[in-house]
>>> print(open('target_18.txt').read())   # compact mmCIF, C-alpha atoms
# COMPACT_ATOMS: atom_id res chain seq x y z
CA MET A 16 -28.67 23.34 -39.67
CA THR A 17 -30.71 20.21 -39.04
CA PRO A 18 -28.74 17.10 -40.11
CA MET A 19 -29.71 15.80 -43.53
CA THR A 20 -31.68 12.57 -43.65
CA VAL A 21 -31.25 10.04 -46.44
CA ARG A 22 -34.73 8.68 -47.16
CA ARG A 23 -35.33 5.57 -49.23
CA MET A 24 -38.72 6.03 -50.87
CA HIS A 25 -41.37 4.15 -52.80
CA PHE A 26 -43.83 5.86 -55.15
CA ASP A 27 -46.64 3.95 -56.84
CA PHE A 28 -46.15 5.09 -60.42
CA THR A 29 -48.89 3.71 -62.70
CA PRO A 30 -49.80 4.24 -66.38
CA ASP A 31 -53.07 5.95 -65.42
CA MET A 32 -51.55 8.44 -62.93
CA GLU A 33 -52.35 12.09 -63.56
CA ARG A 34 -49.47 13.65 -65.48
CA VAL A 35 -50.81 17.19 -65.04
CA PHE A 36 -49.79 17.23 -61.40
CA VAL A 37 -49.66 21.03 -61.10
CA LYS A 38 -53.38 21.75 -60.97
CA SER A 39 -54.91 23.04 -64.22
CA ASP A 40 -51.44 23.67 -65.69
CA PRO A 41 -50.25 21.25 -68.38
CA GLU A 42 -47.50 23.67 -69.46
CA VAL A 43 -45.78 23.77 -66.07
CA SER A 44 -46.41 20.07 -65.42
CA THR A 45 -44.81 19.21 -68.75
CA LEU A 46 -41.88 21.53 -68.10
CA PHE A 47 -41.27 19.65 -64.86
CA LEU A 48 -41.45 16.33 -66.71
CA GLY A 49 -39.00 17.65 -69.29
CA THR A 50 -36.49 18.67 -66.63
CA TRP A 51 -37.04 15.36 -64.83
CA MET A 52 -35.92 13.54 -67.97
CA MET A 53 -32.56 15.24 -67.36
CA LEU A 54 -32.11 14.02 -63.81
CA PRO A 55 -30.72 10.50 -64.43
CA TYR A 56 -27.82 12.28 -66.18
CA LEU A 57 -27.59 15.61 -64.33
CA GLU A 58 -27.64 14.25 -60.80
CA PRO A 59 -24.91 11.63 -61.39
CA TYR A 60 -22.85 14.54 -62.78
CA LEU A 61 -23.43 16.49 -59.56
CA ILE A 62 -22.43 13.43 -57.53
CA ARG A 63 -19.24 12.96 -59.60
CA SER A 64 -18.36 16.62 -59.10
CA MET A 65 -18.86 16.43 -55.35
CA ARG A 66 -16.85 13.24 -55.04
CA GLN A 67 -13.98 14.78 -57.03
CA ALA A 68 -13.95 17.59 -54.49
CA LEU A 69 -13.82 15.26 -51.50
CA PRO A 70 -9.99 14.93 -51.33
CA HIS A 71 -9.72 18.73 -51.18
CA ILE A 72 -12.01 19.10 -48.16
CA THR A 73 -10.42 19.33 -44.72
CA ASP A 74 -13.57 19.97 -42.65
CA PRO A 75 -15.00 16.66 -41.32
CA ALA A 76 -18.52 18.10 -40.99
CA LEU A 77 -18.50 19.26 -44.60
CA LYS A 78 -17.25 15.84 -45.71
CA GLU A 79 -20.24 14.23 -44.00
CA ASP A 80 -22.61 16.76 -45.57
CA LEU A 81 -21.12 16.00 -48.98
CA LYS A 82 -21.65 12.26 -48.53
CA ARG A 83 -25.27 12.79 -47.49
CA PHE A 84 -25.83 15.18 -50.39
CA CYS A 85 -24.61 12.47 -52.77
CA ALA A 86 -26.83 9.86 -51.12
CA GLN A 87 -29.90 12.08 -51.42
CA GLU A 88 -29.16 12.91 -55.05
CA GLY A 89 -28.59 9.24 -55.80
CA GLU A 90 -32.05 8.39 -54.47
CA HIS A 91 -33.55 11.29 -56.45
CA TYR A 92 -32.30 10.17 -59.83
CA LYS A 93 -33.23 6.55 -59.22
CA GLN A 94 -36.83 7.50 -58.41
CA HIS A 95 -37.04 9.83 -61.40
CA ALA A 96 -35.56 7.18 -63.68
CA GLN A 97 -38.39 4.83 -62.68
CA ALA A 98 -41.02 7.49 -63.40
CA ASN A 99 -39.33 8.47 -66.66
CA GLU A 100 -39.24 4.89 -67.92
CA LEU A 101 -42.97 4.54 -67.40
CA ILE A 102 -43.82 7.96 -68.87
CA ARG A 103 -41.64 7.39 -71.91
CA GLY A 104 -43.81 4.40 -72.89
CA LEU A 105 -47.20 6.08 -72.51
CA VAL A 106 -47.33 7.96 -75.83
CA PRO A 107 -45.66 6.75 -79.06
CA GLY A 108 -44.09 10.15 -79.74
CA PHE A 109 -42.33 10.13 -76.38
CA ALA A 110 -39.76 7.75 -77.88
CA ALA A 111 -38.17 10.85 -79.43
CA LEU A 112 -36.92 11.74 -75.95
CA LYS A 113 -34.31 9.00 -75.82
CA PRO A 114 -31.86 10.36 -78.45
CA LEU A 115 -31.99 13.76 -76.74
CA GLU A 116 -31.33 12.12 -73.38
CA MET A 117 -28.30 10.30 -74.78
CA GLU A 118 -26.95 13.58 -76.17
CA LEU A 119 -27.41 15.21 -72.77
CA ASP A 120 -25.76 12.29 -70.98
CA ALA A 121 -22.71 12.61 -73.24
CA GLU A 122 -22.55 16.33 -72.53
CA PHE A 123 -22.52 15.90 -68.75
CA LYS A 124 -19.94 13.12 -69.01
CA ALA A 125 -17.78 15.45 -71.12
CA PHE A 126 -18.06 18.14 -68.42
CA SER A 127 -16.75 15.65 -65.86
CA LYS A 128 -13.91 14.57 -68.12
CA SER A 129 -12.73 17.82 -69.68
CA LYS A 130 -13.89 20.73 -67.50
CA PRO A 131 -11.84 21.81 -64.46
CA LEU A 132 -13.16 20.97 -61.00
CA LYS A 133 -13.91 24.62 -60.29
CA PHE A 134 -16.29 24.75 -63.29
CA ASN A 135 -18.12 21.61 -62.20
CA LEU A 136 -18.46 22.86 -58.62
CA ALA A 137 -19.70 26.26 -59.82
CA TYR A 138 -22.22 24.52 -62.09
CA ALA A 139 -23.44 22.47 -59.13
CA GLU A 140 -23.74 25.55 -56.95
CA GLY A 141 -25.60 27.52 -59.61
CA PHE A 142 -28.05 24.70 -60.11
CA GLU A 143 -28.55 24.10 -56.39
CA SER A 144 -29.06 27.77 -55.51
CA MET A 145 -31.74 28.06 -58.20
CA THR A 146 -33.52 24.89 -57.11
CA SER A 147 -33.37 25.94 -53.45
CA ALA A 148 -35.06 29.27 -54.23
CA MET A 149 -37.71 27.67 -56.42
CA SER A 150 -38.26 24.71 -54.08
CA ARG A 151 -38.96 26.93 -51.09
CA THR A 152 -41.55 28.78 -53.15
CA GLN A 153 -43.09 25.57 -54.47
CA LEU A 154 -43.55 24.30 -50.93
CA GLU A 155 -44.90 27.60 -49.64
CA THR A 156 -47.46 28.00 -52.43
CA GLY A 157 -48.56 24.36 -52.28
CA MET A 158 -47.72 23.83 -55.94
CA PHE A 159 -47.86 20.03 -55.60
CA ASP A 160 -50.58 19.78 -52.95
CA ARG A 161 -53.62 20.21 -55.20
CA VAL A 162 -53.56 17.09 -57.36
CA ASP A 163 -53.67 13.46 -56.24
CA SER A 164 -50.84 11.88 -58.22
CA PRO A 165 -47.67 10.00 -57.29
CA LEU A 166 -45.85 12.54 -59.47
CA ALA A 167 -46.98 15.29 -57.10
CA SER A 168 -45.69 13.29 -54.13
CA LEU A 169 -42.40 12.68 -55.93
CA ALA A 170 -42.10 16.41 -56.58
CA ARG A 171 -42.83 17.42 -52.97
CA TRP A 172 -40.31 14.93 -51.58
CA HIS A 173 -37.64 16.00 -54.06
CA VAL A 174 -38.01 19.75 -53.55
CA MET A 175 -38.09 19.31 -49.76
CA GLU A 176 -34.70 17.58 -49.94
CA GLU A 177 -33.39 20.28 -52.28
CA VAL A 178 -34.07 22.73 -49.45
CA GLU A 179 -32.64 20.33 -46.88
CA HIS A 180 -29.25 20.08 -48.61
CA ARG A 181 -29.23 23.69 -49.87
CA THR A 182 -25.90 24.60 -48.20
CA VAL A 183 -23.73 21.76 -49.47
CA ALA A 184 -22.82 22.81 -53.02
CA PHE A 185 -22.32 26.39 -51.82
CA ASP A 186 -20.03 25.29 -48.97
CA VAL A 187 -18.04 22.89 -51.13
CA TYR A 188 -17.49 25.55 -53.80
CA ASP A 189 -16.49 28.10 -51.17
CA HIS A 190 -14.12 25.64 -49.45
CA VAL A 191 -12.43 24.30 -52.59
CA VAL A 192 -12.62 27.20 -55.06
CA GLY A 193 -13.97 30.44 -53.58
CA GLY A 194 -14.66 33.64 -55.47
CA TYR A 195 -17.96 35.38 -56.14
CA ALA A 196 -17.49 36.51 -59.76
CA TYR A 197 -16.71 33.03 -61.11
CA ARG A 198 -19.49 31.45 -59.07
CA LEU A 199 -22.03 33.91 -60.48
CA ARG A 200 -20.83 33.68 -64.08
CA ILE A 201 -20.76 29.90 -64.28
CA GLY A 202 -23.86 29.57 -62.10
CA LEU A 203 -25.88 31.72 -64.50
CA TRP A 204 -24.55 29.70 -67.43
CA ALA A 205 -25.53 26.48 -65.64
CA GLN A 206 -29.06 27.75 -65.06
CA LYS A 207 -29.40 28.72 -68.72
CA HIS A 208 -28.06 25.31 -69.75
CA PHE A 209 -30.50 23.48 -67.48
CA ILE A 210 -33.53 25.53 -68.52
CA GLY A 211 -32.62 25.23 -72.20
CA TRP A 212 -32.42 21.45 -72.07
CA GLY A 213 -35.54 21.14 -69.92
CA THR A 214 -37.50 23.31 -72.35
CA LYS A 215 -36.30 21.25 -75.30
CA LEU A 216 -37.38 17.99 -73.68
CA ALA A 217 -40.71 19.48 -72.57
CA LYS A 218 -41.37 20.65 -76.15
CA THR A 219 -40.92 17.07 -77.33
CA LEU A 220 -43.46 15.89 -74.75
CA LYS A 221 -45.94 18.60 -75.70
CA GLN A 222 -45.72 18.03 -79.44
CA ALA A 223 -46.32 14.30 -78.98
CA ASP A 224 -49.34 14.71 -76.68
CA PRO A 225 -51.55 17.68 -77.66
CA ALA A 226 -54.65 16.01 -76.17
CA THR A 227 -53.35 16.56 -72.63
CA PHE A 228 -53.15 20.30 -73.25
CA GLU A 229 -56.60 20.46 -74.79
CA ARG A 230 -58.12 19.15 -71.53
CA PHE A 231 -57.24 22.36 -69.69
CA GLN A 232 -58.33 25.16 -72.02
CA ASP A 233 -61.63 25.97 -70.30
CA PRO A 234 -61.85 29.51 -68.85
CA GLU A 235 -61.78 28.29 -65.24
CA SER A 236 -58.53 26.34 -65.72
CA VAL A 237 -56.91 29.21 -67.60
CA ALA A 238 -57.86 31.71 -64.88
CA GLU A 239 -56.67 29.41 -62.10
CA ARG A 240 -53.22 28.87 -63.56
CA LYS A 241 -52.75 32.57 -64.31
CA ALA A 242 -53.61 33.48 -60.72
CA PHE A 243 -51.31 30.81 -59.32
CA THR A 244 -48.45 31.87 -61.60
CA ARG A 245 -48.70 35.48 -60.41
CA ARG A 246 -48.70 34.37 -56.79
CA PHE A 247 -45.78 32.02 -57.33
CA TRP A 248 -43.48 34.58 -58.94
CA ARG A 249 -44.31 37.29 -56.40
CA ARG A 250 -42.64 35.00 -53.85
CA GLY A 251 -40.16 33.16 -56.05
CA LEU A 252 -38.48 35.93 -58.04
CA PRO A 253 -37.06 37.82 -55.02
CA ARG A 254 -35.69 34.54 -53.66
CA LEU A 255 -34.00 33.74 -56.95
CA LEU A 256 -32.52 37.23 -57.29
CA GLN A 257 -31.17 36.94 -53.74
CA THR A 258 -28.94 34.06 -54.83
CA TYR A 259 -27.10 36.35 -57.27
CA LEU A 260 -25.91 38.76 -54.58
CA PRO A 261 -22.36 38.61 -53.16
CA THR A 262 -23.95 38.46 -49.70
CA TYR A 263 -25.99 35.32 -50.49
CA ASP A 264 -25.76 32.68 -47.77
CA PRO A 265 -28.06 29.63 -48.00
CA ARG A 266 -27.99 29.32 -44.20
CA LYS A 267 -29.76 32.66 -43.85
CA VAL A 268 -32.63 32.21 -46.31
CA ASP A 269 -36.24 32.09 -45.14
CA LEU A 270 -37.76 28.64 -44.75
CA PRO A 271 -41.54 28.35 -45.07
CA PRO A 272 -43.34 26.27 -42.42
CA GLN A 273 -44.39 23.82 -45.15
CA TYR A 274 -40.75 22.72 -45.39
CA GLU A 275 -40.54 21.32 -41.87
CA ALA A 276 -43.95 19.68 -42.25
CA ALA A 277 -42.77 17.96 -45.45
CA ARG A 278 -39.55 16.81 -43.75
CA ARG A 279 -41.55 15.06 -41.05
CA GLU A 280 -44.09 13.64 -43.49
CA PHE A 281 -41.56 12.01 -45.80
CA SER A 282 -39.40 10.77 -42.94
CA ASP A 283 -42.49 9.03 -41.59
CA VAL A 284 -43.34 7.28 -44.88
CA ALA A 285 -39.80 6.45 -46.01
CA ILE A 286 -38.93 2.79 -46.43
CA SER A 287 -35.71 3.42 -44.48
CA LEU A 288 -33.73 6.33 -43.07
CA ALA A 289 -30.03 6.99 -42.72
>>> encode(input="target_18.txt", output="structure tokens")
Amino acid sequence: MTPMTVRRMHFDFTPDMERVFVKSDPEVSTLFLGTWMMLPYLEPYLIRSMRQALPHITDPALKEDLKRFCAQEGEHYKQHAQANELIRGLVPGFAALKPLEMELDAEFKAFSKSKPLKFNLAYAEGFESMTSAMSRTQLETGMFDRVDSPLASLARWHVMEEVEHRTVAFDVYDHVVGGYAYRLRIGLWAQKHFIGWGTKLAKTLKQADPATFERFQDPESVAERKAFTRRFWRRGLPRLLQTYLPTYDPRKVDLPPQYEAARREFSDVAISLA
């Protein structure tokens, strides 16, 4: 494993930036924006869970990985919070997001307070294994390479680091808890929970901004997104299913060449590195 790098970033978010940052696909772009509204609450929950595990870890290398994981996730949610604040003010109907966000925040805080550590670590692992599988596919297919928008750059940086720290939640769960059946059961529940909330938030965005969707209903846009979706899932679905196997090991997954290129690119443009 290449050591994880903590990158401090700057993205030039502006009111006129293109919000459909997956080319010709307002549905997928809006689903991403919906899930991103979750991140200022989800990622602090992941950080809390990892930090609660720290006293139980005896491996110094894993302790360092955990600290770098938390630092990367901390930078992620701060960048997304900046983007979310701007996006939330662009359309009057987007104000309906805030009560949902507060409900979600309370839910994650309740998990930290009332759920056992093994649940929180299994949730983190289930989320991270899903994002690793999808992130590798997003990089390989160039999902965020086709539109000039700071949101596309934010997405590429974030998914690259999801791949970079792909082993940490798995290793922490294995070290502190262990057990395949519980990991799979809670991990699947976590993925359903995440997708459910992301879809709900995306629906709020879509209902408030139908004009954005109307821009991409021409036959060429429809055909392009259908073709890309087929190509994406041909690569992504086997990777996701692999994470459900008892033999899954994030150290042994395939890494597309676009991953290493993105690591170098974002290290070069980072404000600072650690």
>>> closest_residue(input="target_18.txt", among="A:Ala137, A:Leu105, A:Ala196, A:Ala98", to="Leu54 (chain A)", atoms="only C-alpha atoms")
A:Ala98
>>> closest_atom_pairs(input="target_18.txt", of="region 18-55 of chain A", to="region 221-231 of chain A", cutoff="10 Å", atoms="all atoms listed in the file", output="CSV")
residue,atom,partner,partner_atom,distance
A:Arg34,CA,A:Thr227,CA,8.6
A:Val35,CA,A:Thr227,CA,8.0
A:Lys38,CA,A:Phe231,CA,9.6
A:Ser39,CA,A:Phe231,CA,6.0
A:Asp40,CA,A:Phe231,CA,7.2
A:Pro41,CA,A:Phe228,CA,5.7
A:Glu42,CA,A:Phe228,CA,7.6
A:Thr45,CA,A:Lys221,CA,7.1
A:Leu46,CA,A:Lys221,CA,9.1
A:Gly49,CA,A:Lys221,CA,9.5
>>> write_last_selection(input="target_18.txt", atoms="C-alpha atoms", output="PDB file, in the frame of the given file")
ATOM      1  CA  ARG A  34     -49.470  13.650 -65.480  1.00  0.00           C
ATOM      2  CA  VAL A  35     -50.810  17.190 -65.040  1.00  0.00           C
ATOM      3  CA  LYS A  38     -53.380  21.750 -60.970  1.00  0.00           C
ATOM      4  CA  SER A  39     -54.910  23.040 -64.220  1.00  0.00           C
ATOM      5  CA  ASP A  40     -51.440  23.670 -65.690  1.00  0.00           C
ATOM      6  CA  PRO A  41     -50.250  21.250 -68.380  1.00  0.00           C
ATOM      7  CA  GLU A  42     -47.500  23.670 -69.460  1.00  0.00           C
ATOM      8  CA  THR A  45     -44.810  19.210 -68.750  1.00  0.00           C
ATOM      9  CA  LEU A  46     -41.880  21.530 -68.100  1.00  0.00           C
ATOM     10  CA  GLY A  49     -39.000  17.650 -69.290  1.00  0.00           C
TER      11      GLY A  49
END
>>> atom_distance(input="target_18.txt", atom1="CA of His208 (chain A)", atom2="CA of Phe243 (chain A)")
26.1 Å
>>> atom_distance(input="target_18.txt", atom1="CA of Thr182 (chain A)", atom2="CA of Thr258 (chain A)")
11.9 Å
>>> atom_distance(input="target_18.txt", atom1="CA of Glu176 (chain A)", atom2="CA of Tyr188 (chain A)")
19.4 Å
>>> closest_residue(input="target_18.txt", among="A:Gln97, A:Ser129, A:Thr146, A:Thr156", to="Arg245 (chain A)", atoms="only C-alpha atoms")
A:Thr156
>>> closest_residue(input="target_18.txt", among="A:Ile210, A:Leu154, A:Leu77, A:Leu255", to="Phe47 (chain A)", atoms="all atoms listed in the file")
A:Ile210
>>> residues_around(input="target_18.txt", residues="Gln94 (chain A)", least_positions_apart="3", cutoff="10 Å", atoms="only C-alpha atoms", output="list of chain:residue names")
A:Arg23, A:Met24, A:His25, A:Phe26, A:Phe28, A:Leu54, A:Pro55, A:Glu88, A:Gly89, A:Glu90, A:His91, A:Gln97, A:Ala98, A:Asn99, A:Leu169, A:His173
>>> write_last_selection(input="target_18.txt", atoms="C-alpha atoms", output="PDB file, in the coordinates of the input")
ATOM      1  CA  ARG A  23     -35.330   5.570 -49.230  1.00  0.00           C
ATOM      2  CA  MET A  24     -38.720   6.030 -50.870  1.00  0.00           C
ATOM      3  CA  HIS A  25     -41.370   4.150 -52.800  1.00  0.00           C
ATOM      4  CA  PHE A  26     -43.830   5.860 -55.150  1.00  0.00           C
ATOM      5  CA  PHE A  28     -46.150   5.090 -60.420  1.00  0.00           C
ATOM      6  CA  LEU A  54     -32.110  14.020 -63.810  1.00  0.00           C
ATOM      7  CA  PRO A  55     -30.720  10.500 -64.430  1.00  0.00           C
ATOM      8  CA  GLU A  88     -29.160  12.910 -55.050  1.00  0.00           C
ATOM      9  CA  GLY A  89     -28.590   9.240 -55.800  1.00  0.00           C
ATOM     10  CA  GLU A  90     -32.050   8.390 -54.470  1.00  0.00           C
ATOM     11  CA  HIS A  91     -33.550  11.290 -56.450  1.00  0.00           C
ATOM     12  CA  GLN A  97     -38.390   4.830 -62.680  1.00  0.00           C
ATOM     13  CA  ALA A  98     -41.020   7.490 -63.400  1.00  0.00           C
ATOM     14  CA  ASN A  99     -39.330   8.470 -66.660  1.00  0.00           C
ATOM     15  CA  LEU A 169     -42.400  12.680 -55.930  1.00  0.00           C
ATOM     16  CA  HIS A 173     -37.640  16.000 -54.060  1.00  0.00           C
TER      17      HIS A 173
END
>>> closest_residue(input="target_18.txt", among="A:Leu112, A:Leu220, A:Ala277, A:Ala139", to="Arg151 (chain A)", atoms="only C-alpha atoms")
A:Ala277
>>> closest_residue(input="target_18.txt", among="A:Arg171, A:Lys215, A:Lys207, A:Arg278", to="Ala111 (chain A)", atoms="all atoms listed in the file")
A:Lys215
>>> residues_around(input="target_18.txt", residues="Ala205 (chain A)", least_positions_apart="6", cutoff="8 Å", atoms="only C-alpha atoms", output="list of chain:residue names")
A:Tyr138, A:Ala139, A:Gly141, A:Phe142
>>> write_last_selection(input="target_18.txt", atoms="C-alpha atoms", output="PDB file, keeping the file's coordinate frame")
ATOM      1  CA  TYR A 138     -22.220  24.520 -62.090  1.00  0.00           C
ATOM      2  CA  ALA A 139     -23.440  22.470 -59.130  1.00  0.00           C
ATOM      3  CA  GLY A 141     -25.600  27.520 -59.610  1.00  0.00           C
ATOM      4  CA  PHE A 142     -28.050  24.700 -60.110  1.00  0.00           C
TER       5      PHE A 142
END
>>> axis_aligned_box(input="target_18.txt", around="region 211-216 of chain A", padding_each_side="6 Å", output="AutoDock Vina command-line options")
--center_x -35.0 --center_y 21.6 --center_z -72.6 --size_x 17.1 --size_y 19.2 --size_z 17.4
>>> closest_residue(input="target_18.txt", among="A:His180, A:Arg246, A:Arg198, A:Lys133", to="Ser147 (chain A)", atoms="all atoms listed in the file")
A:His180
>>> residues_around(input="target_18.txt", residues="region 60-74 of chain A", least_positions_apart="4", cutoff="10 Å", atoms="all atoms listed in the file", output="compact mmCIF listing (two decimals) with C-alpha atoms, in the frame of the given file")
# COMPACT_ATOMS: atom_id res chain seq x y z
CA LEU A 54 -32.11 14.02 -63.81
CA PRO A 55 -30.72 10.50 -64.43
CA TYR A 56 -27.82 12.28 -66.18
CA LYS A 78 -17.25 15.84 -45.71
CA GLU A 79 -20.24 14.23 -44.00
CA LEU A 81 -21.12 16.00 -48.98
CA LYS A 82 -21.65 12.26 -48.53
CA PHE A 84 -25.83 15.18 -50.39
CA CYS A 85 -24.61 12.47 -52.77
CA ALA A 86 -26.83 9.86 -51.12
CA GLN A 87 -29.90 12.08 -51.42
CA GLU A 88 -29.16 12.91 -55.05
CA GLY A 89 -28.59 9.24 -55.80
CA ASP A 120 -25.76 12.29 -70.98
CA GLU A 122 -22.55 16.33 -72.53
CA PHE A 123 -22.52 15.90 -68.75
CA LYS A 124 -19.94 13.12 -69.01
CA ALA A 125 -17.78 15.45 -71.12
CA PHE A 126 -18.06 18.14 -68.42
CA SER A 127 -16.75 15.65 -65.86
CA PRO A 131 -11.84 21.81 -64.46
CA LEU A 132 -13.16 20.97 -61.00
CA LYS A 133 -13.91 24.62 -60.29
CA PHE A 134 -16.29 24.75 -63.29
CA ASN A 135 -18.12 21.61 -62.20
CA LEU A 136 -18.46 22.86 -58.62
CA ALA A 137 -19.70 26.26 -59.82
CA TYR A 138 -22.22 24.52 -62.09
CA ALA A 139 -23.44 22.47 -59.13
CA GLU A 140 -23.74 25.55 -56.95
CA PHE A 142 -28.05 24.70 -60.11
CA GLU A 143 -28.55 24.10 -56.39
CA VAL A 183 -23.73 21.76 -49.47
CA ALA A 184 -22.82 22.81 -53.02
CA VAL A 187 -18.04 22.89 -51.13
CA TYR A 188 -17.49 25.55 -53.80
CA HIS A 190 -14.12 25.64 -49.45
CA VAL A 191 -12.43 24.30 -52.59
CA VAL A 192 -12.62 27.20 -55.06
>>> residues_around(input="target_18.txt", residues="Asp269 (chain A)", least_positions_apart="4", cutoff="10 Å", atoms="all atoms listed in the file", output="NGL selection string")
:A and (148 or 151 or 254 or 265)
>>> residues_around(input="target_18.txt", residues="Glu33 (chain A)", least_positions_apart="3", cutoff="10 Å", atoms="all atoms listed in the file", output="VMD selection string")
chain A and resid 28 to 30 36 to 37 162 to 167
>>> write_last_selection(input="target_18.txt", atoms="C-alpha atoms", output="PDB file, in the coordinates of the input")
ATOM      1  CA  PHE A  28     -46.150   5.090 -60.420  1.00  0.00           C
ATOM      2  CA  THR A  29     -48.890   3.710 -62.700  1.00  0.00           C
ATOM      3  CA  PRO A  30     -49.800   4.240 -66.380  1.00  0.00           C
ATOM      4  CA  PHE A  36     -49.790  17.230 -61.400  1.00  0.00           C
ATOM      5  CA  VAL A  37     -49.660  21.030 -61.100  1.00  0.00           C
ATOM      6  CA  VAL A 162     -53.560  17.090 -57.360  1.00  0.00           C
ATOM      7  CA  ASP A 163     -53.670  13.460 -56.240  1.00  0.00           C
ATOM      8  CA  SER A 164     -50.840  11.880 -58.220  1.00  0.00           C
ATOM      9  CA  PRO A 165     -47.670  10.000 -57.290  1.00  0.00           C
ATOM     10  CA  LEU A 166     -45.850  12.540 -59.470  1.00  0.00           C
ATOM     11  CA  ALA A 167     -46.980  15.290 -57.100  1.00  0.00           C
TER      12      ALA A 167
END
